[in-house]
Amino acid sequence: MADIYTLLKDKTENLWRRHGLLNEAITINARALSPQEAIGNPDADDYPIQKGKEKLMQADFKGSFGQAFTDRAGDFSGTLDDILKMPLDNNYRRAVFVAAVNSVCRHLNLIDRTIHCKDEQPVTCAAALLDYVKENHKNARITQIGFQPRMAQLLSQSFTMRLIDLDPENIGKSQFNITVEGPESTADAIKWCDLLLVTGSTIVNGTVEQFIGDRPAIFYGTTIAGPAWLLGLTRFCAESC
């Protein structure tokens with residue numbers, strides 16, 4: 001069976017080829033957004049992007065925008081065919097590819113909600129997620145992959161949770177009465193849970209495959225918008241535009 005990136009790239013190429021995009025002189029530009037551009041000015045200051053370790057790259061395809069979180073941000077300009085020919089062997093290249101997928105899928109009206117929510121919208125999104133999980137996964141034990149603070153804060157009031165994060169500054173600390181665990185605990189936390197709540201940035205950092213198949217999974221955020229549509233994954237992103 002092909003790995004997830006081979007499958008995703010094949011589906012992307014088929015889509016772009018079917019719409020006649022590969023032979024056009026199309027340029028995709030990506031740049032890293034500042035925290036204020038990306039998330040505005042929420043009351044809380046504990047969102048990962050505010051700490052500066054990840055940046056939000058934005059691709060512009062004929063006026064349609066797509067984004068991708070990454071710890072290796074940078075500019076890119078080229079054709080869609082150039083992007084397809086890039087090996088997806090580091091976080092920068094995967095971010096360029098994913099941002100492009102998101103912007104083109106948005107241009108083709110296949111997806112929406114590709115621009116990160118701002119100000120107090122993350123709070124509203126977390127409340128909507130809580131309602132969604134209560135309705136569809138009652139009494140589930142949840143493993144959250146990636147520290148999205150408002151989601152963890154609200155869900156932990158109603159569900160038993162484990163929280164896995166890559167940031168060494170978070171690991172070992174208590175967040176909303178949950179001790180944050182490091183990536184070495186991922187396999188055990190997957191086996192333990194009934195439901196995975198996974199940051200969409202896993203499609204960029206190369207860890208996404210382990211969260212597909214063994215347990216029901218909800219992928220959240222703008223980063224995985226296009227890949228989720230192409231791969232048939234469940235995505236939740238209530239307040240993005």
# chains A, B, ... in the order shown; residues from 1 in each chain; ligands from 1
>>> select_by_dssp(residues="region 147-222 of chain A", states="strand (DSSP E or B)", output="list in words")
Met161, Arg162, Leu163, Ile164, Ser174, Gln175, Ile178, Thr179, Val180, Glu181, Leu195, Leu196, Leu197, Val198, Thr199, Ala217, Ile218, Phe219 and Tyr220 of chain A
>>> residues_around(residues="Ala95 (chain A)", least_positions_apart="2", cutoff="12 Å", atoms="only C-alpha atoms", output="ChimeraX atom specification")
/A:29-32,54-59,66-76,83,86-93,97-102,200-206,223-224,227
>>> write_last_selection(atoms="N, CA and C atoms", output="tab-separated table (two decimals), in the first residue's frame")
chain	number	residue	atom	x	y	z
A	29	ASN	N	2.73	31.74	-4.61
A	29	ASN	CA	3.60	32.46	-3.68
A	29	ASN	C	3.21	32.10	-2.25
A	30	ALA	N	4.19	31.88	-1.43
A	30	ALA	CA	3.92	31.57	-0.03
A	30	ALA	C	4.81	32.44	0.82
A	31	ARG	N	4.25	32.96	1.90
A	31	ARG	CA	5.05	33.74	2.84
A	31	ARG	C	4.58	33.43	4.25
A	32	ALA	N	5.44	33.63	5.19
A	32	ALA	CA	5.10	33.38	6.58
A	32	ALA	C	4.31	34.55	7.15
A	54	GLU	N	6.17	28.14	15.41
A	54	GLU	CA	5.58	27.77	14.14
A	54	GLU	C	5.05	29.03	13.47
A	55	LYS	N	5.09	29.03	12.15
A	55	LYS	CA	4.56	30.14	11.39
A	55	LYS	C	3.52	29.62	10.41
A	56	LEU	N	2.67	30.52	9.98
A	56	LEU	CA	1.61	30.17	9.05
A	56	LEU	C	2.00	30.66	7.67
A	57	MET	N	2.24	29.74	6.74
A	57	MET	CA	2.54	30.09	5.36
A	57	MET	C	1.24	30.17	4.57
A	58	GLN	N	1.18	31.10	3.65
A	58	GLN	CA	-0.04	31.32	2.87
A	58	GLN	C	0.26	31.32	1.38
A	59	ALA	N	-0.46	30.50	0.67
A	59	ALA	CA	-0.34	30.43	-0.78
A	59	ALA	C	-1.50	31.17	-1.42
A	66	GLY	N	-4.65	29.58	0.63
A	66	GLY	CA	-4.54	28.36	1.42
A	66	GLY	C	-3.37	28.49	2.36
A	67	GLN	N	-3.46	27.88	3.53
A	67	GLN	CA	-2.44	28.06	4.55
A	67	GLN	C	-1.87	26.73	5.02
A	68	ALA	N	-0.71	26.82	5.69
A	68	ALA	CA	-0.09	25.64	6.29
A	68	ALA	C	0.81	26.10	7.44
A	69	PHE	N	0.61	25.48	8.61
A	69	PHE	CA	1.51	25.71	9.74
A	69	PHE	C	2.80	24.93	9.54
A	70	THR	N	3.92	25.54	9.88
A	70	THR	CA	5.19	24.85	9.77
A	70	THR	C	6.24	25.50	10.65
A	71	ASP	N	7.23	24.73	11.04
A	71	ASP	CA	8.37	25.28	11.77
A	71	ASP	C	9.52	25.62	10.82
A	72	ARG	N	9.30	25.40	9.52
A	72	ARG	CA	10.32	25.74	8.51
A	72	ARG	C	9.65	26.55	7.41
A	73	ALA	N	9.40	27.81	7.70
A	73	ALA	CA	8.70	28.68	6.77
A	73	ALA	C	9.66	29.32	5.78
A	74	GLY	N	9.15	29.64	4.61
A	74	GLY	CA	9.94	30.32	3.60
A	74	GLY	C	9.11	30.62	2.37
A	75	ASP	N	9.62	31.46	1.51
A	75	ASP	CA	8.91	31.82	0.29
A	75	ASP	C	9.09	30.75	-0.78
A	76	PHE	N	8.12	30.71	-1.71
A	76	PHE	CA	8.22	29.82	-2.86
A	76	PHE	C	7.49	30.45	-4.03
A	83	ILE	N	5.70	22.16	-8.07
A	83	ILE	CA	5.37	21.69	-6.73
A	83	ILE	C	5.21	20.18	-6.72
A	86	MET	N	8.51	18.32	-6.53
A	86	MET	CA	9.31	18.44	-5.32
A	86	MET	C	9.18	17.18	-4.47
A	87	PRO	N	10.28	16.61	-4.00
A	87	PRO	CA	10.18	15.54	-3.00
A	87	PRO	C	9.66	16.12	-1.70
A	88	LEU	N	8.72	15.42	-1.07
A	88	LEU	CA	8.14	15.93	0.18
A	88	LEU	C	8.96	15.41	1.35
A	89	ASP	N	10.22	15.84	1.40
A	89	ASP	CA	11.17	15.24	2.33
A	89	ASP	C	11.56	16.14	3.50
A	90	ASN	N	10.92	17.31	3.62
A	90	ASN	CA	11.14	18.11	4.82
A	90	ASN	C	9.91	18.98	5.07
A	91	ASN	N	9.87	19.62	6.22
A	91	ASN	CA	8.68	20.38	6.61
A	91	ASN	C	8.43	21.58	5.70
A	92	TYR	N	9.48	22.20	5.20
A	92	TYR	CA	9.30	23.33	4.29
A	92	TYR	C	8.60	22.89	3.00
A	93	ARG	N	9.09	21.83	2.39
A	93	ARG	CA	8.50	21.39	1.13
A	93	ARG	C	7.08	20.87	1.32
A	97	PHE	N	3.70	22.41	-0.45
A	97	PHE	CA	2.76	21.52	-1.14
A	97	PHE	C	1.36	21.63	-0.55
A	98	VAL	N	1.25	21.56	0.77
A	98	VAL	CA	-0.05	21.59	1.43
A	98	VAL	C	-0.74	22.93	1.25
A	99	ALA	N	0.00	24.03	1.39
A	99	ALA	CA	-0.59	25.34	1.16
A	99	ALA	C	-1.12	25.46	-0.26
A	100	ALA	N	-0.36	24.92	-1.23
A	100	ALA	CA	-0.80	24.95	-2.62
A	100	ALA	C	-2.06	24.11	-2.82
A	101	VAL	N	-2.08	22.93	-2.24
A	101	VAL	CA	-3.28	22.07	-2.33
A	101	VAL	C	-4.49	22.82	-1.78
A	102	ASN	N	-4.31	23.47	-0.64
A	102	ASN	CA	-5.43	24.18	-0.03
A	102	ASN	C	-5.92	25.33	-0.90
A	200	GLY	N	-4.11	19.50	12.38
A	200	GLY	CA	-3.88	19.32	10.95
A	200	GLY	C	-2.45	19.53	10.52
A	201	SER	N	-1.64	20.17	11.38
A	201	SER	CA	-0.24	20.40	11.02
A	201	SER	C	0.57	19.11	10.97
A	202	THR	N	-0.01	18.00	11.43
A	202	THR	CA	0.67	16.71	11.31
A	202	THR	C	0.88	16.33	9.84
A	203	ILE	N	0.05	16.87	8.94
A	203	ILE	CA	0.24	16.59	7.52
A	203	ILE	C	1.51	17.27	7.00
A	204	VAL	N	1.97	18.31	7.69
A	204	VAL	CA	3.20	19.02	7.31
A	204	VAL	C	4.41	18.46	8.02
A	205	ASN	N	4.28	18.11	9.30
A	205	ASN	CA	5.47	17.66	10.04
A	205	ASN	C	5.79	16.17	9.84
A	206	GLY	N	5.00	15.50	9.01
A	206	GLY	CA	5.33	14.13	8.63
A	206	GLY	C	4.87	13.05	9.57
A	223	THR	N	-4.81	23.87	8.07
A	223	THR	CA	-3.71	23.25	7.33
A	223	THR	C	-4.15	22.03	6.55
A	224	ILE	N	-5.00	21.22	7.13
A	224	ILE	CA	-5.34	19.93	6.52
A	224	ILE	C	-6.61	19.99	5.67
A	227	PRO	N	-6.00	18.35	1.97
A	227	PRO	CA	-5.67	16.94	2.13
A	227	PRO	C	-6.79	16.11	2.75
>>> closest_residue(among="A:Cys241, A:Leu166, A:Leu130, A:Leu22", to="Arg106 (chain A)", atoms="only C-alpha atoms")
A:Cys241
>>> select_by_dssp(residues="region 206-240 of chain A", states="helix (DSSP H, G or I)", output="MDAnalysis selection string")
chainID A and resid 208:211 225:231
>>> write_last_selection(atoms="C-alpha atoms", output="compact mmCIF listing (two decimals), in the first residue's frame")
# COMPACT_ATOMS: atom_id res chain seq x y z
CA VAL A 208 0.02 12.18 10.18
CA GLU A 209 0.02 8.57 9.02
CA GLN A 210 0.07 7.08 12.52
CA PHE A 211 -3.25 8.79 13.30
CA ALA A 225 -8.34 21.35 4.64
CA GLY A 226 -7.44 20.16 1.14
CA PRO A 227 -5.67 16.94 2.13
CA ALA A 228 -8.65 15.94 4.31
CA TRP A 229 -11.00 16.40 1.35
CA LEU A 230 -8.74 14.43 -0.98
CA LEU A 231 -8.12 11.61 1.51
>>> closest_residue(among="A:Ser158, A:Thr12, A:Ser64, A:Arg141", to="Asn109 (chain A)", atoms="only C-alpha atoms")
A:Ser64
>>> residues_around(residues="region 167-182 of chain A", least_positions_apart="6", cutoff="8 Å", atoms="only C-alpha atoms", output="PyMOL selection string")
chain A and resi 152-153+156+161
>>> residues_around(residues="Leu21 (chain A)", least_positions_apart="3", cutoff="12 Å", atoms="only C-alpha atoms", output="ChimeraX atom specification")
/A:12-18,24-27,61-62,79-82,84,104-105,107-108
>>> write_last_selection(atoms="C-alpha atoms", output="CSV table (one decimal), in the first residue's frame")
chain,number,residue,atom,x,y,z
A,12,THR,CA,-3.5,16.0,-6.2
A,13,GLU,CA,-1.9,15.5,-9.6
A,14,ASN,CA,-5.0,13.8,-10.9
A,15,LEU,CA,-7.1,16.7,-9.8
A,16,TRP,CA,-4.9,19.4,-11.2
A,17,ARG,CA,-4.4,17.5,-14.4
A,18,ARG,CA,-8.2,17.0,-14.8
A,24,GLU,CA,-0.7,26.9,-17.3
A,25,ALA,CA,1.9,29.4,-16.2
A,26,ILE,CA,0.6,29.6,-12.7
A,27,THR,CA,2.7,31.0,-9.8
A,61,PHE,CA,-3.6,30.9,-6.3
A,62,LYS,CA,-5.6,33.2,-8.5
A,79,THR,CA,4.2,26.4,-11.2
A,80,LEU,CA,1.9,23.7,-9.9
A,81,ASP,CA,4.0,21.2,-11.9
A,82,ASP,CA,7.1,22.4,-10.0
A,84,LEU,CA,4.4,18.2,-7.8
A,104,VAL,CA,-6.1,25.3,-5.5
A,105,CYS,CA,-8.9,23.3,-3.8
A,107,HIS,CA,-10.2,28.1,-6.0
A,108,LEU,CA,-12.0,25.0,-7.4
